[in-house]
Number of protein chains: 2
Amino acid sequence: MKNFARLFVCCIGWLSASPAADAPSLQGFSSDSATSERAWEAKFKAVPSADRLREYMQRLSARPHHVGSPYDKDNAEWILAKFKEWGLDAQIENFDVLFPTPRERAVEMIEPTRFVARLEEPPVAGDPTSNQKQEQLPTYNAYSVDGDVTAPLVYVNYGIPADYEKLDRLGISVKGAIVIARYGASWRGIKPKVAAEHGAVGCIIYSDPHEDGYFQGDVFPQGAWRPLYGAQRGSVMDMPLYPGDPLTPGVGATEGATRLAINEAKTITKIPVLPISYGDAQPLLAALRGVVAPGDWRGALPITYHTGPGPAKVHLKVASNWDTKRLYDVIARIPGKEESNLWIVRGNHHDAWVNGAEDPVSAAIAEMEEARGLAELVKQGWQPKRTIIYCVWDGEEEGLLGSTEWAEAHADELRQHAAVYINTDGNGRGFLQMSGSHSLEKFMNGLAKDIQDPEKDYPAWKRLRLERIANAPAEDRGKIRDRADLRLGALGSGSDYTVFLDHLGIASLDLGYGGEDGGGIYHSIYDDFYWYTHYADTDFRYGRALAQTVGLAVMRLADADLLPYDFADFTDTIQQYVDELEKLWKTKSDEIKESNREIEEGVYVATADPKKTMVPPKIEEVPPFLNFSPLRNALEKLQRSSEHYGKAVATLNLGQKPLDALNLKLAQAERGLTLPDGLPGRPWFRHQIYAPGMYTGYGVKTIPGVREAIEQKNWKQADEQIVRAGQVLEKEAAVIEEIAGEMER
Amino acid sequence: MKNFARLFVCCIGWLSASPAADAPSLQGFSSDSATSERAWEAKFKAVPSADRLREYMQRLSARPHHVGSPYDKDNAEWILAKFKEWGLDAQIENFDVLFPTPRERAVEMIEPTRFVARLEEPPVAGDPTSNQKQEQLPTYNAYSVDGDVTAPLVYVNYGIPADYEKLDRLGISVKGAIVIARYGASWRGIKPKVAAEHGAVGCIIYSDPHEDGYFQGDVFPQGAWRPLYGAQRGSVMDMPLYPGDPLTPGVGATEGATRLAINEAKTITKIPVLPISYGDAQPLLAALRGVVAPGDWRGALPITYHTGPGPAKVHLKVASNWDTKRLYDVIARIPGKEESNLWIVRGNHHDAWVNGAEDPVSAAIAEMEEARGLAELVKQGWQPKRTIIYCVWDGEEEGLLGSTEWAEAHADELRQHAAVYINTDGNGRGFLQMSGSHSLEKFMNGLAKDIQDPEKDYPAWKRLRLERIANAPAEDRGKIRDRADLRLGALGSGSDYTVFLDHLGIASLDLGYGGEDGGGIYHSIYDDFYWYTHYADTDFRYGRALAQTVGLAVMRLADADLLPYDFADFTDTIQQYVDELEKLWKTKSDEIKESNREIEEGVYVATADPKKTMVPPKIEEVPPFLNFSPLRNALEKLQRSSEHYGKAVATLNLGQKPLDALNLKLAQAERGLTLPDGLPGRPWFRHQIYAPGMYTGYGVKTIPGVREAIEQKNWKQADEQIVRAGQVLEKEAAVIEEIAGEMER
């Protein structure tokens with residue numbers, strides 16, 4: 001039906017030789033408004049300048065600019081001044097948050113030999129900003145609890161739950177030990193969390209050269225990858241519980257906010273954590289004995305990886321100044337003309353761990369060029385139908401502080417007014433990366449067809465489609481070829497969209513380009529202008545493309561007669577998620593049955609090498625069948641209502657009647673996917689379709705209540721969560737149905 | 001039908017309370033002869049002694065004993081003396097073969113910096129035989145052509161055909177270059193062969209620590225794995241063309257044999273080759289620039305792997321003494337009583353690259369204990385029905401010289417008399433490894449049930465079955481559980497069974513234990529008594545199990561009333577191979593269609609990074625449909641005849657009539673799977689079901705004429721080879737049918 005509708009619109013366009021015959025129709029725009037929109041878009045696209053992007057980057061990344069540093073404030077004020085210079089109505093909003101910075105850090109091996117880790121990243125000759133030692137934050141993990149522990153060392157691979165299952169099988173416990181985990185496979189904050197759950201007393205996280213060092217490519221400054229003493233800073237706050245200021249969950253960290261005591265804050269780690277370089281890690285790992293680590297646990301250091309425990313014994317100490325620091329969020333507003341009560345919110349953070357040329361400046365500069373472009377249009381007479389809000393966040397690195405506090409402070413307004421939040425956070429050469437709410441999938445597909453890839457004679461959409469075909473497993477290629485739209489990735493966490501989507505239920509997008517260059521400078525002093533202009537989007541052509549892409553997205557969302565949501569792709573994707581859940585249950589069930597059977601057959605006894613320790617698994621209860629019918633029933637209704645919506649949109653004569661009431665309802669539709677009491681054990685996360693995983697941290701879990709219950713073999717909770725998710729989707733179907741009905745009236 | 005027959009035999013045994021009720025029936029034995037056989041077997045099993053195995057190993061591996069060395073001859077004479085001491089009729093047979101040993105070896109980098117490779121394995125303190133430098137062969141690859149070349153270096157991963165396809169895509173040519181390949185993924189001789197086919201002028205092969213060095217475990221002497229300067233010697237003779245003396249293909253290298261001139265010998269490499277250690281390889285690889293090697297090309301050295309070419313420029317020199325050396329094959333014979341014209345041949349080599357405790361002594365000593373055990377039985381009055389021939393080969397390492405020349409010299413007799421050849425070549429702790437002709441699959445399954453695993457309270461068969469279940473992909477577990485018999489692996493090459501199976505068509509087995517220990521001393525000076533008694537089957541319990549296993553196999557094959565071939569498993573396996581061939585064609589066809597489609601869609605243009613070289617593939621002809629019906633028709637006949645055979649055997653009243661004529665026909669049955677003109681381009685390889693791959697070297701290709709034609713996209717040849725293989729299988733079906741008919745007469 002969907003395809004038929006599109007064909008029909010096409011034919012009309014062709015036969016009537018309307019303006020749409022030259023410019024293909026724009027989703028949500030009448031033919032007239034599409035013509036006008038395209039004219040403004042053409043003007044907008046010409047604005048972003050590679051030279052300016054380069055200048056902005058050089059300025060913003062000239063000095064370290066983490067939360068609480070003078071240059072962080074300076075950058076915010078400079079951005080504000082630019083916004084004002086361009087004619088935008090802008091100001092800075094402040095919040096005061098808990099932000100620990102290290103007072104003492106130590107990692108030293110005391111047995112069997114003595115070794116003191118440097119915990120320092122050396123400056124690089126030729127790289128002019130790598131020597132700003134006085135202003136650099138040392139290498140540390142923010143929101144590690146203070147601690148001073150001495151214990152045997154155990155290597156735990158990535159330190160995710162599956163790794164501890166493996167250790168159990170090998171008869172190795174981390175109780176009372178300090179674990180050393182490598183970066184990768186999960187967000188870093190998961191590592192100390194899972195280690196503490198298993199009884200470890202400390203956690204060291206190191207960057208194995210296999211992940212982003214010499215194994216991947218030449219190291220900085222000869223190449224883009226992590227050098228011997230490069231280390232990855234980063235927050236270890238338990239963000240899957242709630243992000244933002246640990247002392248003000250759910251409310252803005254304004255002057256008058258009620259604050260928790262530090263020892264009440266649940267998102268601070270339970271054990272001390274420090275990140276180290278592979279230069280510092282090698283002597284520690286080389287001193288371990290015991291079992292040789294399983295094949296896929298071995299990294300690229302020239303040693304035999306053992307698990308321990310010991311004989312390496314390590315002293316780990318972290319003590320921080322637990323200060324309150326001020327955030328500087330820059331907020332600019334372009335008021336809407338007809339539907340000013342509907343907001344399109346756009347954000348990228350400006351703070352960095354150190355100089356942060358790539359993270360976040362490479363995308364923050366695109367956001368600035370967008371703002372300048374829109375300001376230019378305003379000067380030329382353009383005014384958006386809806387209100388546009390440009391936000392440049394502070395404190396993202398520490399725990400999405402600036403965006404979370406702002407959105408919590410403005411929660412009521414946002415729930416009422418916000419239609420879409422669009423995020424970026426870093427940019428590079430390559431393919432369009434697009435993730436977000438599936439109701440915006442069709443919109444993003446249309447947009448990506450209108451953006452030219454800077455390196456190829458192809459629209460970004462076509463290049464992305466062909467890249468997906470090239471990299472798909474053989475069995476999935478047909479699906480990509482047959483589907484009209486490219487799928488949007490689902491959003492987990494790790495950037496500033498989190499509060500908008502997961503807490504407030506605002507349809508969100510996260511955009512960027514990448515995939516052609518790599519590097520190992522993430523959260524190090526080497527993520528700077530010198531590195532970026534040697535190894536990334538060196539001529540800022542993709543910076544320009546990003547400004548064009550996101551700017552157009554903002555304009556279209558702000559100007560469309562009808563907000564361009566669509567629910568056919570959404571329904572198709574939910575269907576896929578439900579299929580996955582049923583398969584996940586089946587897989588768990590099959591695995592448990594198989595394991596039980598192998599125990600009974602004697603497989604573990606027979607295959608165990610008597611010279612090695614091998615603890616067989618235990619007989620497990622076979623999972624009960626789950627009742628998926630609430631989800632299946634809801635899907636039926638979603639299918640009917642999304643088809644109805646598609647038909648209603650196809651026959652709607654845009655530009656004939658005011659749609660403000662309808663648009664307000666559409667903007668609220670994503671809110672229907674949230675529940676006020678949130679997910680099990682984490683009420684802050686209200687969205688019932690998307691959430692970061694409790695044990696992945698950044699990685700998304702879709703229909704998370706159900707999925708995580710199954711993953712954790714909590715069958716009762718799984719059944720309960722299916723009912724809740726089913727209700728949410730049924731309600732959503734009813735909302736869509738109602739809107740479709742109103743359209744036809 | 002097969003299962004029914006077995007059930008029937010079982011029930012008879014149960015009801016009649018015959019001796020078979022206590023001891024389950026033995027395949028091919030009447031109830032009476034089974035009782036007698038089991039009594040002799042019990043006596044035999046008690047003979048092999050761990051202490052003697054240890055003594056033999058210490059003696060045989062006390063000095064380097066490669067072909068042409070004094071200790072090689074000395075060992076042969078010592079084994080001969082032992083055989084004679086035990087009362088066996090034994091002698092030494094000599095052959096004179098071409099065997100090059102190095103006069104000059106050099107690997108040096110001359111640009112961009114100078115580095116001279118050591119090409120030396122240092123002695124290890126505490127290891128008493130590692131310092132016998134005067135007698136050790138240096139590290140080299142035997143049958144490398146002499147050469148002296150200087151050229152830019154290119155890293156080619158494993159140097160197999162797929163790696164060169166990847167290089168083509170990266171726009172890198174090895175024409176005029178010296179390639180450096182890592183050991184692994186193919187037999188070593190493939191590497192210089194493929195390099196030369198692509199225009200390289202020299203080849204260096206190194207042992208990456210990823211394969212058998214520190215990545216796998218602690219290195220010798222702290223652990224079992226390859227140390228920094230350990231290197232892998234080995235032959236690079238083009239054995240997939242023909243093994244044995246390069247100067248006497250197809251005939252025994254006896255005194256009067258006509259010999260080719262050295263420059264006429266096609267199995268000597270086209271370009272010079274040398275093996276090096278990772279200590280020697282690292283400076284060469286670290287000096288390469290150009291493209292960063294693809295992810296799965298990177299080993300475990302602490303460098304960024306680049307492909308080159310250059311700037312590293314290398315000088316490689318090999319010059320050998322092209323001498324004739326004498327082989328000493330030790331041959332002992334126990335004449336058969338009733339069917340002395342049928343031979344059971346058993347072999348293991350005694351020569352080594354250096355001290356060779358693991359390869360081959362760990363299994364040669366088991367063979368000796370078998371011989372002693374059988375000699376003991378003879379003294380006690382046992383005489384086998386058939387003739388048993390024990391062979392201890394010389395010159396295996398250099399190119400299966402001793403076995404090939406002996407079997408070529410005795411080809412006519414062997415074709416007439418040989419029923420089965422049983423090979424071993426190295427042994428360790430763990431699971432029974434069994435490969436061979438599928439007509440012996442049922443026999444080996446029965447045997448493995450009668451052998452106790454030395455570490456577990458399980459028969460070897462049960463332990464192996466459970467190990468296979470544990471390691472099978474989920475979708476294959478059911479098949480293992482449902483099948484009465486464990487599958488025998490198919491034989492490729494790499495040990496002395498090759499001439500018997502592939503050239504002469506004698507049903508063969510290759511046996512051993514392993515899988516629990518690993519190591520990196522293969523073909524180095526560290527493969528010695530010290531290493532073996534620290535890191536392998538240190539108490540020789542598996543050495544004893546091997547002697548028991550193979551000794552029982554020899555006894556049963558020599559004593560059975562009816563030779564215990566069976567064709568049901570054989571047919572089932574051929575069916576599987578034919579399915580694989582059809583799938584292989586389909587996969588090739590799908591891949592070519594997909595690649596063509598992607599070229600037309602613009603995938604390669606769209607996805608190529610303009611900053612990197614990427615040469616897209618070319619449009620290829622879509623494969624024609626192949627006519628598999630000759631194979632399918634033959635399979636039908638095989639199914640009928642093997643069922644018929646099963647029924648005939650089940651109703652055959654063993655011990656009632658002489659079966660010598662039938663047994664002679666059965667022994668010849670495997671010969672029916674050969675064709676006198678052999679495989680395409682390599683007439684020496686006559687077997688139409690098993691062959692080592694032209695581009696794998698050791699790895700088997702089943703139904704090789706068809707399989708390799710499809711792999712090489714030679715569709716005309718594939719169709720022709722299907723017809724040939726179909727005819728061979730039809731003829732085999734007719735032979736089986738005829739024997740079954742005769743049984744029923």
# chains A, B, ... in the order shown; residues from 1 in each chain; ligands from 1
>>> closest_atom_pairs(of="region 564-644 of chain A", to="region 167-173 of chain A", cutoff="10 Å", atoms="only C-alpha atoms", output="tab-separated table")
residue	atom	partner	partner_atom	distance
A:Lys612	CA	A:Leu170	CA	8.5
A:Thr613	CA	A:Leu170	CA	5.9
A:Met614	CA	A:Leu170	CA	5.1
A:Val615	CA	A:Arg169	CA	4.6
A:Pro616	CA	A:Arg169	CA	6.2
A:Pro617	CA	A:Arg169	CA	7.0
>>> interface_residues(of="chain B", to="chain A", cutoff="7 Å", atoms="only C-alpha atoms", output="PDB file with N, CA and C atoms, in the first residue's frame")
ATOM      1  N   TYR B 214      54.830 -17.050  21.073  1.00  0.00           N
ATOM      2  CA  TYR B 214      54.334 -16.575  22.371  1.00  0.00           C
ATOM      3  C   TYR B 214      52.843 -16.280  22.382  1.00  0.00           C
ATOM      4  N   PHE B 215      52.255 -16.022  21.233  1.00  0.00           N
ATOM      5  CA  PHE B 215      50.813 -15.783  21.223  1.00  0.00           C
ATOM      6  C   PHE B 215      50.052 -17.008  21.735  1.00  0.00           C
ATOM      7  N   GLN B 216      50.598 -18.182  21.466  1.00  0.00           N
ATOM      8  CA  GLN B 216      49.918 -19.428  21.844  1.00  0.00           C
ATOM      9  C   GLN B 216      50.225 -19.856  23.273  1.00  0.00           C
ATOM     10  N   GLY B 217      51.419 -19.515  23.763  1.00  0.00           N
ATOM     11  CA  GLY B 217      51.778 -19.944  25.112  1.00  0.00           C
ATOM     12  C   GLY B 217      53.226 -19.593  25.392  1.00  0.00           C
ATOM     13  N   ASP B 218      53.670 -19.918  26.592  1.00  0.00           N
ATOM     14  CA  ASP B 218      55.044 -19.599  26.973  1.00  0.00           C
ATOM     15  C   ASP B 218      56.027 -20.334  26.068  1.00  0.00           C
ATOM     16  N   VAL B 292      48.717  -0.883   4.830  1.00  0.00           N
ATOM     17  CA  VAL B 292      48.640  -1.669   6.059  1.00  0.00           C
ATOM     18  C   VAL B 292      47.934  -2.985   5.712  1.00  0.00           C
ATOM     19  N   ALA B 300      51.352 -11.666  15.336  1.00  0.00           N
ATOM     20  CA  ALA B 300      51.471 -11.242  16.738  1.00  0.00           C
ATOM     21  C   ALA B 300      52.762 -10.496  17.028  1.00  0.00           C
ATOM     22  N   LEU B 301      53.484 -10.080  16.009  1.00  0.00           N
ATOM     23  CA  LEU B 301      54.664  -9.256  16.267  1.00  0.00           C
ATOM     24  C   LEU B 301      54.220  -7.850  16.660  1.00  0.00           C
ATOM     25  N   PRO B 302      55.003  -7.175  17.499  1.00  0.00           N
ATOM     26  CA  PRO B 302      54.574  -5.849  17.983  1.00  0.00           C
ATOM     27  C   PRO B 302      54.886  -4.743  16.982  1.00  0.00           C
ATOM     28  N   ILE B 303      54.355  -4.895  15.787  1.00  0.00           N
ATOM     29  CA  ILE B 303      54.584  -3.934  14.710  1.00  0.00           C
ATOM     30  C   ILE B 303      53.277  -3.746  13.956  1.00  0.00           C
ATOM     31  N   THR B 304      53.253  -2.701  13.136  1.00  0.00           N
ATOM     32  CA  THR B 304      52.168  -2.573  12.174  1.00  0.00           C
ATOM     33  C   THR B 304      52.570  -3.363  10.933  1.00  0.00           C
ATOM     34  N   LYS B 456      41.146 -41.280  31.255  1.00  0.00           N
ATOM     35  CA  LYS B 456      39.733 -41.213  31.635  1.00  0.00           C
ATOM     36  C   LYS B 456      39.152 -42.612  31.723  1.00  0.00           C
ATOM     37  N   ARG B 463      35.221 -41.090  24.315  1.00  0.00           N
ATOM     38  CA  ARG B 463      35.836 -39.789  24.588  1.00  0.00           C
ATOM     39  C   ARG B 463      35.890 -38.943  23.319  1.00  0.00           C
ATOM     40  N   LEU B 466      32.369 -37.640  22.396  1.00  0.00           N
ATOM     41  CA  LEU B 466      31.941 -36.513  23.226  1.00  0.00           C
ATOM     42  C   LEU B 466      32.739 -35.258  22.895  1.00  0.00           C
ATOM     43  N   GLU B 467      33.999 -35.451  22.541  1.00  0.00           N
ATOM     44  CA  GLU B 467      34.798 -34.290  22.141  1.00  0.00           C
ATOM     45  C   GLU B 467      34.241 -33.693  20.847  1.00  0.00           C
ATOM     46  N   ALA B 470      31.189 -31.775  21.679  1.00  0.00           N
ATOM     47  CA  ALA B 470      31.528 -30.512  22.358  1.00  0.00           C
ATOM     48  C   ALA B 470      31.976 -29.446  21.373  1.00  0.00           C
ATOM     49  N   GLU B 516      45.602 -32.277  23.375  1.00  0.00           N
ATOM     50  CA  GLU B 516      45.653 -31.657  24.697  1.00  0.00           C
ATOM     51  C   GLU B 516      46.878 -30.766  24.907  1.00  0.00           C
ATOM     52  N   VAL B 603      29.026  -0.766  -6.743  1.00  0.00           N
ATOM     53  CA  VAL B 603      29.445  -0.950  -5.355  1.00  0.00           C
ATOM     54  C   VAL B 603      30.926  -0.615  -5.170  1.00  0.00           C
ATOM     55  N   ALA B 606      31.599   3.078  -5.498  1.00  0.00           N
ATOM     56  CA  ALA B 606      31.007   3.851  -4.397  1.00  0.00           C
ATOM     57  C   ALA B 606      31.768   3.669  -3.096  1.00  0.00           C
ATOM     58  N   THR B 607      32.257   2.459  -2.849  1.00  0.00           N
ATOM     59  CA  THR B 607      32.832   2.187  -1.540  1.00  0.00           C
ATOM     60  C   THR B 607      34.328   2.452  -1.477  1.00  0.00           C
ATOM     61  N   ASP B 609      37.736   4.068  -1.064  1.00  0.00           N
ATOM     62  CA  ASP B 609      38.271   5.275  -0.438  1.00  0.00           C
ATOM     63  C   ASP B 609      39.250   5.912  -1.422  1.00  0.00           C
TER      64      ASP B 609
END
>>> select_by_dssp(residues="region 194-422 of chain B", states="strand (DSSP E or B)", output="ChimeraX atom specification")
/B:202-206,219,225,234-235,273-276,290,292,306,308,313-334,339-349,386-393,418-422
>>> write_last_selection(atoms="C-alpha atoms", output="mmCIF file, in the first residue's frame")
data_model
loop_
_atom_site.group_PDB
_atom_site.id
_atom_site.type_symbol
_atom_site.label_atom_id
_atom_site.label_comp_id
_atom_site.auth_asym_id
_atom_site.auth_seq_id
_atom_site.Cartn_x
_atom_site.Cartn_y
_atom_site.Cartn_z
ATOM 1 C CA GLY B 202 62.444 -15.442 -4.060
ATOM 2 C CA CYS B 203 60.494 -16.615 -1.044
ATOM 3 C CA ILE B 204 61.099 -16.299 2.692
ATOM 4 C CA ILE B 205 58.877 -18.269 5.062
ATOM 5 C CA TYR B 206 58.792 -17.279 8.723
ATOM 6 C CA VAL B 219 58.052 -20.241 24.789
ATOM 7 C CA TRP B 225 56.133 -22.887 22.216
ATOM 8 C CA GLY B 234 60.988 -28.562 5.954
ATOM 9 C CA SER B 235 60.700 -29.788 2.431
ATOM 10 C CA VAL B 273 63.318 -20.362 -0.507
ATOM 11 C CA LEU B 274 64.524 -20.085 3.086
ATOM 12 C CA PRO B 275 62.706 -20.385 6.408
ATOM 13 C CA ILE B 276 63.441 -17.897 9.184
ATOM 14 C CA GLY B 290 52.823 0.767 1.723
ATOM 15 C CA VAL B 292 48.640 -1.669 6.059
ATOM 16 C CA HIS B 306 52.468 -3.520 5.951
ATOM 17 C CA GLY B 308 55.225 -3.283 0.866
ATOM 18 C CA LYS B 313 65.101 -4.499 -0.127
ATOM 19 C CA VAL B 314 66.390 -7.953 0.607
ATOM 20 C CA HIS B 315 69.197 -10.182 -0.571
ATOM 21 C CA LEU B 316 68.355 -13.891 -0.487
ATOM 22 C CA LYS B 317 70.841 -16.582 -1.310
ATOM 23 C CA VAL B 318 70.579 -20.368 -1.232
ATOM 24 C CA ALA B 319 73.172 -22.766 -2.604
ATOM 25 C CA SER B 320 73.056 -26.479 -1.844
ATOM 26 C CA ASN B 321 75.176 -29.548 -2.255
ATOM 27 C CA TRP B 322 72.998 -31.614 -4.587
ATOM 28 C CA ASP B 323 74.171 -34.983 -3.317
ATOM 29 C CA THR B 324 72.808 -38.482 -3.524
ATOM 30 C CA LYS B 325 72.140 -39.980 -0.094
ATOM 31 C CA ARG B 326 71.324 -43.503 0.985
ATOM 32 C CA LEU B 327 68.007 -44.392 2.625
ATOM 33 C CA TYR B 328 67.653 -47.117 5.255
ATOM 34 C CA ASP B 329 64.132 -48.563 5.393
ATOM 35 C CA VAL B 330 63.771 -51.229 8.080
ATOM 36 C CA ILE B 331 61.336 -53.949 6.978
ATOM 37 C CA ALA B 332 60.148 -56.825 9.165
ATOM 38 C CA ARG B 333 57.761 -59.586 8.163
ATOM 39 C CA ILE B 334 55.500 -61.988 10.063
ATOM 40 C CA GLU B 339 46.229 -66.136 3.530
ATOM 41 C CA SER B 340 49.893 -65.246 3.364
ATOM 42 C CA ASN B 341 49.312 -63.676 -0.037
ATOM 43 C CA LEU B 342 47.390 -60.884 1.689
ATOM 44 C CA TRP B 343 49.479 -58.260 3.456
ATOM 45 C CA ILE B 344 48.773 -55.871 6.287
ATOM 46 C CA VAL B 345 51.422 -53.174 6.045
ATOM 47 C CA ARG B 346 52.279 -50.939 8.977
ATOM 48 C CA GLY B 347 54.663 -47.985 8.868
ATOM 49 C CA ASN B 348 56.149 -44.987 10.639
ATOM 50 C CA HIS B 349 59.305 -43.106 9.730
ATOM 51 C CA ARG B 386 47.634 -62.961 6.826
ATOM 52 C CA THR B 387 51.160 -61.625 6.399
ATOM 53 C CA ILE B 388 52.118 -58.607 8.497
ATOM 54 C CA ILE B 389 54.843 -56.253 7.313
ATOM 55 C CA TYR B 390 56.330 -53.699 9.702
ATOM 56 C CA CYS B 391 58.172 -50.835 8.012
ATOM 57 C CA VAL B 392 60.220 -48.128 9.633
ATOM 58 C CA TRP B 393 60.827 -45.590 6.919
ATOM 59 C CA ALA B 418 48.335 -55.425 0.106
ATOM 60 C CA ALA B 419 45.014 -55.242 1.928
ATOM 61 C CA VAL B 420 45.604 -52.286 4.240
ATOM 62 C CA TYR B 421 48.368 -49.814 5.071
ATOM 63 C CA ILE B 422 48.369 -48.306 8.591
#
>>> residues_around(residues="Ala411 (chain A)", least_positions_apart="6", cutoff="12 Å", atoms="only C-alpha atoms", output="list of chain:residue names")
A:Gly250, A:Val251, A:Gly252, A:Ser403, A:Thr404, A:Glu405, A:His417, A:Ala418, A:Val499, A:Phe500, A:Leu501, A:His503, A:Leu504, A:Gly505, A:Ile506
>>> write_last_selection(atoms="N, CA and C atoms", output="PDB file, in the first residue's frame")
ATOM      1  N   GLY A 250      17.317  13.322  37.654  1.00  0.00           N
ATOM      2  CA  GLY A 250      15.955  13.667  37.266  1.00  0.00           C
ATOM      3  C   GLY A 250      15.624  15.144  37.321  1.00  0.00           C
ATOM      4  N   VAL A 251      16.491  15.962  37.934  1.00  0.00           N
ATOM      5  CA  VAL A 251      16.220  17.415  37.956  1.00  0.00           C
ATOM      6  C   VAL A 251      17.460  18.181  37.507  1.00  0.00           C
ATOM      7  N   GLY A 252      17.255  19.380  37.001  1.00  0.00           N
ATOM      8  CA  GLY A 252      18.367  20.207  36.556  1.00  0.00           C
ATOM      9  C   GLY A 252      19.243  20.642  37.728  1.00  0.00           C
ATOM     10  N   SER A 403      23.767  18.482  28.539  1.00  0.00           N
ATOM     11  CA  SER A 403      22.473  18.197  27.898  1.00  0.00           C
ATOM     12  C   SER A 403      21.470  17.665  28.918  1.00  0.00           C
ATOM     13  N   THR A 404      21.931  16.779  29.784  1.00  0.00           N
ATOM     14  CA  THR A 404      20.999  16.177  30.743  1.00  0.00           C
ATOM     15  C   THR A 404      20.442  17.218  31.705  1.00  0.00           C
ATOM     16  N   GLU A 405      21.337  18.058  32.242  1.00  0.00           N
ATOM     17  CA  GLU A 405      20.864  19.050  33.219  1.00  0.00           C
ATOM     18  C   GLU A 405      19.934  20.061  32.559  1.00  0.00           C
ATOM     19  N   HIS A 417       6.760  20.850  23.864  1.00  0.00           N
ATOM     20  CA  HIS A 417       7.068  21.523  22.597  1.00  0.00           C
ATOM     21  C   HIS A 417       7.995  20.769  21.650  1.00  0.00           C
ATOM     22  N   ALA A 418       8.859  19.910  22.188  1.00  0.00           N
ATOM     23  CA  ALA A 418       9.932  19.391  21.328  1.00  0.00           C
ATOM     24  C   ALA A 418       9.410  18.353  20.347  1.00  0.00           C
ATOM     25  N   VAL A 499      19.137  11.993  27.021  1.00  0.00           N
ATOM     26  CA  VAL A 499      18.065  12.537  27.850  1.00  0.00           C
ATOM     27  C   VAL A 499      16.815  12.842  27.017  1.00  0.00           C
ATOM     28  N   PHE A 500      17.047  13.300  25.780  1.00  0.00           N
ATOM     29  CA  PHE A 500      15.904  13.671  24.943  1.00  0.00           C
ATOM     30  C   PHE A 500      15.088  12.437  24.570  1.00  0.00           C
ATOM     31  N   LEU A 501      15.760  11.417  24.098  1.00  0.00           N
ATOM     32  CA  LEU A 501      15.060  10.220  23.647  1.00  0.00           C
ATOM     33  C   LEU A 501      14.607   9.369  24.834  1.00  0.00           C
ATOM     34  N   HIS A 503      14.757   9.694  28.261  1.00  0.00           N
ATOM     35  CA  HIS A 503      14.099  10.212  29.457  1.00  0.00           C
ATOM     36  C   HIS A 503      12.815  10.963  29.110  1.00  0.00           C
ATOM     37  N   LEU A 504      12.886  11.744  28.002  1.00  0.00           N
ATOM     38  CA  LEU A 504      11.740  12.601  27.686  1.00  0.00           C
ATOM     39  C   LEU A 504      10.872  12.075  26.547  1.00  0.00           C
ATOM     40  N   GLY A 505      11.366  11.097  25.797  1.00  0.00           N
ATOM     41  CA  GLY A 505      10.561  10.561  24.697  1.00  0.00           C
ATOM     42  C   GLY A 505      10.418  11.523  23.534  1.00  0.00           C
ATOM     43  N   ILE A 506      11.503  12.172  23.187  1.00  0.00           N
ATOM     44  CA  ILE A 506      11.509  13.071  22.028  1.00  0.00           C
ATOM     45  C   ILE A 506      12.183  12.341  20.871  1.00  0.00           C
TER      46      ILE A 506
END
>>> atom_distance(atom1="CA of Gln721 (chain B)", atom2="CA of Leu673 (chain B)")
13.5 Å
>>> residues_around(residues="Leu260 (chain A)", least_positions_apart="6", cutoff="10 Å", atoms="only C-alpha atoms", output="list in words")
Pro246, Leu247, Thr248, Pro249 and Lys266 of chain A
>>> residues_around(residues="Glu732 (chain A)", least_positions_apart="2", cutoff="8 Å", atoms="only C-alpha atoms", output="PyMOL selection string")
chain A and resi 638+669+672-673+728-730+734-736
>>> residues_around(residues="region 510-512 of chain B", least_positions_apart="5", cutoff="7 Å", atoms="only C-alpha atoms", output="list in words")
Ile422, Asn423, Thr424, Gly426, Asn427, Leu432, Gln433, Met434, Ser435, Gly436 and Leu546 of chain B
